[in-house]
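Read through the structure below, which is laid out as structure tokens, and then see the notes.
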Amino acid sequence: MVKIGLFCFAGMSTSVLLKKMQEYAQEIGADCTINAYAETKAADLASQLDVVLIGPQIKYYQKRIEELCAPYGTKVMVISNVDFGRMDGKKVLTDAYALLGKTL
Amino acid sequence: MSMKEKFTGFVENKVMPFVGVVSTNKILLAIRDGLVLSMPVMIVGSIAIVIGDFPVKAVQDFFAMVFGENWNWWNWDVINPATMGLVALFTACGVGYSYAKSHEVEPLPAGILGVTAYFLLLVQMDGGGFAADDFGAKGLFAAIICGLLSSAIYIWLIKKNLVIKMPDSVPVSISRSFTAMIPMGVVVILFVTIRTIFAMTPYGSVNEFILNVLQLPLLGVGTSLLGTEITAGFFNTFFWIFGIHGTLVVQSVMTPIWEAAKYANLAAYQSGLELPYIVTTEYLDHFVFLTGSGLTLPLCAMCAFKSRSEQLKKLGKLALVPSIFNVNEPLIYGLPIVMNPIMAIPFFITPILSILISYLAMAWNIVGKPTGVAVPFTTPAPFGGFLITGDIKVGILQILVLLMAAVIYYPFFKIWDKKCFEEESIS
């Protein structure tokens, strides 16, 4: 089971991308949970997630979130402007798995 | 290196690190998170006000007829003092809590300490007892400072290990309750000293000093037309164009001012006085960040229904519903507006004009000002405008501002649509 968290302001703006990712995960039967959270929740959730994805609009949080995640080995990635703009759930989910050294 | 590369380089190397420092500053974050902590209570309190003091007189008359003259007894005298009326206490607690949490020490004692610190500075009325308005809007900045200062002392002492330690056989929950004792003692002594010093000044109390020297002047500048154009108008848009959450960056600095203005308005509204401020958190949510930064709903609708480009049409439809509820990141990144010199022009102009028009309309009393009730930022127009002011004309003003946005965006939409359409026809 792979646990993925999407972080953005208030967890709202990534909701469309979240839906696309969940749809794709279901389509291919990937064993994962994907949820969106407010950026302020990062400290609480760093230990519970496998991958933390950061919305491009708060990419300046990257360093801080990486610091929070490092002790737990949680992987961190900033979603690119283009993938976020296209709401490309497939690409983002594939990239997230690649971070863990897995393929979909 | 071309001009564009130079500029992008400047933003990546100079602006981004600066934004990183401001937006991840633990003090600013603690203030913002501390204020956000009381948001649910404030919104519930606001709903009570909207119902109990319903902006349409006919509805009020109807309730009075059905439930009796005194039908809304629960509003100003019961629910309001327990919710909005305690905002300074919630803030002292919330800020202290958030600051301790970001330093990874047990946060709850810090929250309690914040409230104690705030009370230590309050001057009792003649004959004893605290004035109820000391717990509300008036003390917001003092509460923030008390929360931060007491929490900082608590964190410092704990990190220095200046705490009472229990033997290992004592249960954790009990030994933990002793941990906060020394910091608590230090805070009490320090704040009583501060109180005594300020009692000798013409201000009489720390709270009066902070109110007059810090809160009121900062609110005056921060909520002025020019101040708003610079912060919410210019900087917000500027950051967004480079793909950074401008609203979050600006809010991390401006939230205390916009929130204090909101609660000051509410206090005036309750007393039936003239509302002192125009620019509050709610004003910004419903006139500047309306349908998302840049007031992009008309642009989104054009993409969905008027574009020849398939890609824009798809995007417009995808982004339409979030846009109505004031979230427009899909559009900002999808169109994209980020790093797009063509769309940057209307994206810049529209909010600046929206602020100018709505500010003047309120300043000249053509429409009502925000009453200070808290409404979620996702409330769509025209309901948002109506609820925050209790004036139906403000809802209409929101629609007019959006129509203006449509006029500004249209020529740029045409250019962009043509470009996207041509690219699609080639490939």
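Scheme for the structure tokens: letters A, B, ... for chains in order shown; per-chain residue numbers from 1; ligand numbers from 1 in order shown.
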ask   = Once you count only C-alpha atoms, which residues of chain A turn out to be within 6 Å of chain B? Could you give them as a ChimeraX atom specification?
value = /A:13,57-58,60,85-86
Excluding same-chain residues fewer than 4 positions from Thr103 (chain A), what lies within 8 Å of it counting only C-alpha atoms, as a PDB file with C-alpha atoms, in the first residue's frame?
ATOM      1  CA  THR A  94       3.703   7.565 -12.356  1.00  0.00           C
ATOM      2  CA  TYR A  97       5.793   5.744  -7.952  1.00  0.00           C
ATOM      3  CA  ALA A  98       9.105   6.344  -9.692  1.00  0.00           C
TER       4      ALA A  98
END
Mind checking which residues fall within 10 Å of Asn35 (chain A), counting only C-alpha atoms, ignoring those fewer than 6 positions away in the same chain, and posting them as an mmCIF file with all heavy atoms, in the first residue's frame?
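The resulting file, result.cif, is shown below:
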data_model
loop_
_atom_site.group_PDB
_atom_site.id
_atom_site.type_symbol
_atom_site.label_atom_id
_atom_site.label_comp_id
_atom_site.auth_asym_id
_atom_site.auth_seq_id
_atom_site.Cartn_x
_atom_site.Cartn_y
_atom_site.Cartn_z
ATOM 1 N N LYS A 3 1.094 5.275 0.321
ATOM 2 C CA LYS A 3 0.297 6.410 0.796
ATOM 3 C C LYS A 3 0.851 7.696 0.222
ATOM 4 O O LYS A 3 2.008 8.057 0.471
ATOM 5 C CB LYS A 3 0.324 6.461 2.318
ATOM 6 C CG LYS A 3 -0.435 5.315 2.956
ATOM 7 C CD LYS A 3 -0.572 5.549 4.452
ATOM 8 C CE LYS A 3 -1.047 4.276 5.137
ATOM 9 N NZ LYS A 3 -0.139 3.823 6.178
ATOM 10 N N ILE A 4 -0.001 8.397 -0.522
ATOM 11 C CA ILE A 4 0.439 9.624 -1.189
ATOM 12 C C ILE A 4 -0.358 10.810 -0.643
ATOM 13 O O ILE A 4 -1.577 10.728 -0.484
ATOM 14 C CB ILE A 4 0.229 9.516 -2.717
ATOM 15 C CG1 ILE A 4 1.029 8.321 -3.266
ATOM 16 C CG2 ILE A 4 0.641 10.805 -3.422
ATOM 17 C CD1 ILE A 4 0.755 8.016 -4.715
ATOM 18 N N GLY A 5 0.323 11.883 -0.331
ATOM 19 C CA GLY A 5 -0.357 13.103 0.118
ATOM 20 C C GLY A 5 -0.031 14.263 -0.813
ATOM 21 O O GLY A 5 1.118 14.471 -1.166
ATOM 22 N N LEU A 6 -1.081 14.990 -1.199
ATOM 23 C CA LEU A 6 -0.880 16.196 -2.017
ATOM 24 C C LEU A 6 -1.030 17.402 -1.108
ATOM 25 O O LEU A 6 -2.029 17.507 -0.397
ATOM 26 C CB LEU A 6 -1.952 16.285 -3.099
ATOM 27 C CG LEU A 6 -1.756 15.453 -4.340
ATOM 28 C CD1 LEU A 6 -2.840 14.435 -4.444
ATOM 29 C CD2 LEU A 6 -1.775 16.363 -5.540
ATOM 30 N N PHE A 7 -0.081 18.297 -1.162
ATOM 31 C CA PHE A 7 -0.144 19.472 -0.292
ATOM 32 C C PHE A 7 -0.246 20.752 -1.100
ATOM 33 O O PHE A 7 0.526 20.992 -2.003
ATOM 34 C CB PHE A 7 1.084 19.526 0.626
ATOM 35 C CG PHE A 7 1.046 18.476 1.685
ATOM 36 C CD1 PHE A 7 1.436 17.181 1.390
ATOM 37 C CD2 PHE A 7 0.581 18.755 2.956
ATOM 38 C CE1 PHE A 7 1.374 16.189 2.352
ATOM 39 C CE2 PHE A 7 0.515 17.771 3.923
ATOM 40 C CZ PHE A 7 0.921 16.491 3.623
ATOM 41 N N GLY A 11 -5.474 22.709 0.865
ATOM 42 C CA GLY A 11 -5.836 21.427 0.272
ATOM 43 C C GLY A 11 -6.954 21.499 -0.743
ATOM 44 O O GLY A 11 -7.540 20.495 -1.103
ATOM 45 N N THR A 14 -5.702 21.466 -5.188
ATOM 46 C CA THR A 14 -5.247 20.223 -5.800
ATOM 47 C C THR A 14 -6.370 19.196 -5.921
ATOM 48 O O THR A 14 -6.145 18.089 -6.352
ATOM 49 C CB THR A 14 -4.090 19.584 -4.993
ATOM 50 O OG1 THR A 14 -4.387 19.696 -3.620
ATOM 51 C CG2 THR A 14 -2.772 20.235 -5.298
ATOM 52 N N SER A 15 -7.593 19.598 -5.547
ATOM 53 C CA SER A 15 -8.670 18.609 -5.505
ATOM 54 C C SER A 15 -8.983 18.038 -6.888
ATOM 55 O O SER A 15 -9.314 16.861 -7.006
ATOM 56 C CB SER A 15 -9.922 19.206 -4.877
ATOM 57 O OG SER A 15 -10.337 20.316 -5.621
ATOM 58 N N LEU A 18 -6.295 15.625 -7.673
ATOM 59 C CA LEU A 18 -6.491 14.477 -6.799
ATOM 60 C C LEU A 18 -7.483 13.502 -7.409
ATOM 61 O O LEU A 18 -7.244 12.296 -7.468
ATOM 62 C CB LEU A 18 -6.999 14.970 -5.437
ATOM 63 C CG LEU A 18 -7.405 13.895 -4.442
ATOM 64 C CD1 LEU A 18 -6.183 13.228 -3.869
ATOM 65 C CD2 LEU A 18 -8.255 14.472 -3.334
ATOM 66 N N LYS A 19 -8.582 14.047 -7.916
ATOM 67 C CA LYS A 19 -9.624 13.201 -8.498
ATOM 68 C C LYS A 19 -9.086 12.452 -9.714
ATOM 69 O O LYS A 19 -9.318 11.258 -9.876
ATOM 70 C CB LYS A 19 -10.836 14.059 -8.880
ATOM 71 C CG LYS A 19 -12.141 13.485 -8.363
ATOM 72 C CD LYS A 19 -13.314 14.368 -8.664
ATOM 73 C CE LYS A 19 -14.104 13.826 -9.848
ATOM 74 N NZ LYS A 19 -14.969 14.831 -10.450
ATOM 75 N N MET A 21 -6.014 11.669 -10.294
ATOM 76 C CA MET A 21 -5.059 10.647 -9.871
ATOM 77 C C MET A 21 -5.782 9.431 -9.322
ATOM 78 O O MET A 21 -5.423 8.292 -9.630
ATOM 79 C CB MET A 21 -4.114 11.218 -8.800
ATOM 80 C CG MET A 21 -3.099 12.191 -9.360
ATOM 81 S SD MET A 21 -2.119 12.973 -8.060
ATOM 82 C CE MET A 21 -1.081 11.609 -7.541
ATOM 83 N N GLN A 22 -6.820 9.684 -8.520
ATOM 84 C CA GLN A 22 -7.579 8.568 -7.954
ATOM 85 C C GLN A 22 -8.251 7.755 -9.048
ATOM 86 O O GLN A 22 -8.258 6.520 -9.006
ATOM 87 C CB GLN A 22 -8.621 9.095 -6.963
ATOM 88 C CG GLN A 22 -8.001 9.523 -5.646
ATOM 89 C CD GLN A 22 -8.972 10.279 -4.760
ATOM 90 O OE1 GLN A 22 -9.940 10.854 -5.246
ATOM 91 N NE2 GLN A 22 -8.697 10.293 -3.462
#
message = Please extract the residues of chain A with a backbone DSSP assignment of strand (DSSP E) and present them as a list in words.
response =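 Assigned to strand (DSSP E), within chain A: Val2, Lys3, Ile4, Gly5, Leu6, Phe7, Cys8, Cys32, Thr33, Ile34, Asn35, Ala36, Tyr37, Ala38, Val51, Val52, Leu53, Ile54, Lys75, Val76, Met77 and Val78 of chain A.
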message = From a backbone DSSP assignment, name each residue in region 93-284 of chain B labelled alpha helix (DSSP H), as a PyMOL selection string.
response = chain B and resi 93-102+107-121+140-159+172-179+181-199+206-210+216-222+225-228+236-241+246-270+281-283
note = Among B:Pro202, B:Gly292, B:Asn340, B:Thr389, Leu275 (chain B) is approached most closely, using only C-alpha atoms, by B:Thr389
request  = Can you pull out every residue within 10 Å of Gln270 (chain B), counting only C-alpha atoms, but drop anything in the same chain fewer than 2 positions away, and send it as a ChimeraX atom specification?
outcome  = /B:49,53,76,80,265-268,272-273,275,371-372
Fewer than 4 positions away in the same chain doesn't count, so skip those; otherwise give me all residues within 9 Å of Leu353 (chain B), counting only C-alpha atoms, as a short mmCIF file (atom, residue, chain, number, x, y, z; two decimals) with N, CA and C atoms, in the first residue's frame.
data_model
loop_
_atom_site.label_atom_id
_atom_site.label_comp_id
_atom_site.auth_asym_id
_atom_site.auth_seq_id
_atom_site.Cartn_x
_atom_site.Cartn_y
_atom_site.Cartn_z
N GLY B 233 -3.18 44.15 -4.51
CA GLY B 233 -3.23 44.44 -5.94
C GLY B 233 -1.96 44.02 -6.63
N ILE B 349 -4.16 44.13 -14.44
CA ILE B 349 -5.05 45.31 -14.44
C ILE B 349 -6.33 45.06 -13.64
N ILE B 357 -12.51 50.47 -7.74
CA ILE B 357 -13.96 50.68 -7.87
C ILE B 357 -14.68 50.34 -6.56
N SER B 358 -14.38 49.14 -6.02
CA SER B 358 -15.13 48.71 -4.84
C SER B 358 -14.76 49.55 -3.62
N VAL B 401 -18.31 44.14 -11.26
CA VAL B 401 -16.85 44.02 -11.32
C VAL B 401 -16.46 42.84 -12.21
N MET B 404 -16.87 43.84 -15.76
CA MET B 404 -15.71 44.64 -16.14
C MET B 404 -14.52 43.74 -16.45
N ALA B 405 -14.32 42.73 -15.62
CA ALA B 405 -13.22 41.79 -15.85
C ALA B 405 -13.38 41.12 -17.21
#
task = Would you list the contacts of Ala363 (chain B) as an NGL selection string, taking every protein, DNA or RNA residue within 10 Å and counting only C-alpha atoms, but skipping same-chain residues closer than 5 positions in sequence?
result = :B and (225 or 277-278 or 357-358 or 368-369)
Go ahead and save the picked residues with N, CA, C and O atoms, as a PDB file, in the first residue's frame.
ATOM      1  N   LEU B 225      -6.335  52.701   0.684  1.00  0.00           N
ATOM      2  CA  LEU B 225      -6.473  52.347  -0.732  1.00  0.00           C
ATOM      3  C   LEU B 225      -5.103  52.012  -1.325  1.00  0.00           C
ATOM      4  O   LEU B 225      -4.919  50.978  -1.969  1.00  0.00           O
ATOM      5  N   TYR B 277     -13.486  50.454   8.875  1.00  0.00           N
ATOM      6  CA  TYR B 277     -12.593  49.982   7.814  1.00  0.00           C
ATOM      7  C   TYR B 277     -13.360  49.433   6.607  1.00  0.00           C
ATOM      8  O   TYR B 277     -14.481  48.959   6.751  1.00  0.00           O
ATOM      9  N   ILE B 278     -12.713  49.520   5.458  1.00  0.00           N
ATOM     10  CA  ILE B 278     -13.256  48.909   4.240  1.00  0.00           C
ATOM     11  C   ILE B 278     -12.548  47.597   3.968  1.00  0.00           C
ATOM     12  O   ILE B 278     -13.163  46.584   3.672  1.00  0.00           O
ATOM     13  N   ILE B 357     -12.509  50.468  -7.742  1.00  0.00           N
ATOM     14  CA  ILE B 357     -13.958  50.682  -7.868  1.00  0.00           C
ATOM     15  C   ILE B 357     -14.675  50.336  -6.565  1.00  0.00           C
ATOM     16  O   ILE B 357     -15.464  51.128  -6.043  1.00  0.00           O
ATOM     17  N   SER B 358     -14.383  49.139  -6.024  1.00  0.00           N
ATOM     18  CA  SER B 358     -15.131  48.707  -4.840  1.00  0.00           C
ATOM     19  C   SER B 358     -14.761  49.549  -3.621  1.00  0.00           C
ATOM     20  O   SER B 358     -15.622  49.874  -2.798  1.00  0.00           O
ATOM     21  N   GLY B 368     -22.653  49.358   1.054  1.00  0.00           N
ATOM     22  CA  GLY B 368     -22.255  49.117   2.436  1.00  0.00           C
ATOM     23  C   GLY B 368     -20.832  48.582   2.557  1.00  0.00           C
ATOM     24  O   GLY B 368     -20.262  48.048   1.607  1.00  0.00           O
ATOM     25  N   LYS B 369     -20.264  48.762   3.753  1.00  0.00           N
ATOM     26  CA  LYS B 369     -18.935  48.226   4.040  1.00  0.00           C
ATOM     27  C   LYS B 369     -19.064  46.853   4.709  1.00  0.00           C
ATOM     28  O   LYS B 369     -20.121  46.530   5.248  1.00  0.00           O
TER      29      LYS B 369
END
Could you list, as a JSON list (two decimals) with N, CA and C atoms, in the first residue's frame, every residue within 10 Å of Val56 (chain B), counting only C-alpha atoms and ignoring same-chain residues fewer than 2 positions away?
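New file part_37.json:
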[["chain", "number", "residue", "atom", "x", "y", "z"],
["B", 53, "ASP", "N", -29.40, 39.01, 12.94],
["B", 53, "ASP", "CA", -29.44, 40.40, 12.52],
["B", 53, "ASP", "C", -29.65, 40.44, 11.01],
["B", 54, "PHE", "N", -30.63, 39.65, 10.55],
["B", 54, "PHE", "CA", -30.75, 39.41, 9.11],
["B", 54, "PHE", "C", -30.86, 40.71, 8.33],
["B", 58, "ALA", "N", -37.78, 42.85, 6.20],
["B", 58, "ALA", "CA", -39.03, 42.09, 6.12],
["B", 58, "ALA", "C", -38.88, 40.74, 6.82],
["B", 59, "VAL", "N", -37.72, 40.11, 6.63],
["B", 59, "VAL", "CA", -37.48, 38.81, 7.26],
["B", 59, "VAL", "C", -37.44, 38.96, 8.77],
["B", 60, "GLN", "N", -36.76, 40.02, 9.23],
["B", 60, "GLN", "CA", -36.69, 40.28, 10.67],
["B", 60, "GLN", "C", -38.09, 40.48, 11.25],
["B", 61, "ASP", "N", -38.89, 41.26, 10.53],
["B", 61, "ASP", "CA", -40.25, 41.52, 10.99],
["B", 61, "ASP", "C", -41.05, 40.22, 11.09],
["B", 390, "GLY", "N", -24.22, 42.67, 4.31],
["B", 390, "GLY", "CA", -25.64, 42.79, 4.58],
["B", 390, "GLY", "C", -26.33, 43.74, 3.61],
["B", 391, "ASP", "N", -25.63, 44.07, 2.51],
["B", 391, "ASP", "CA", -26.17, 45.02, 1.54],
["B", 391, "ASP", "C", -26.26, 44.33, 0.19],
["B", 392, "ILE", "N", -27.46, 44.22, -0.33],
["B", 392, "ILE", "CA", -27.68, 43.53, -1.60],
["B", 392, "ILE", "C", -26.92, 44.23, -2.74]]
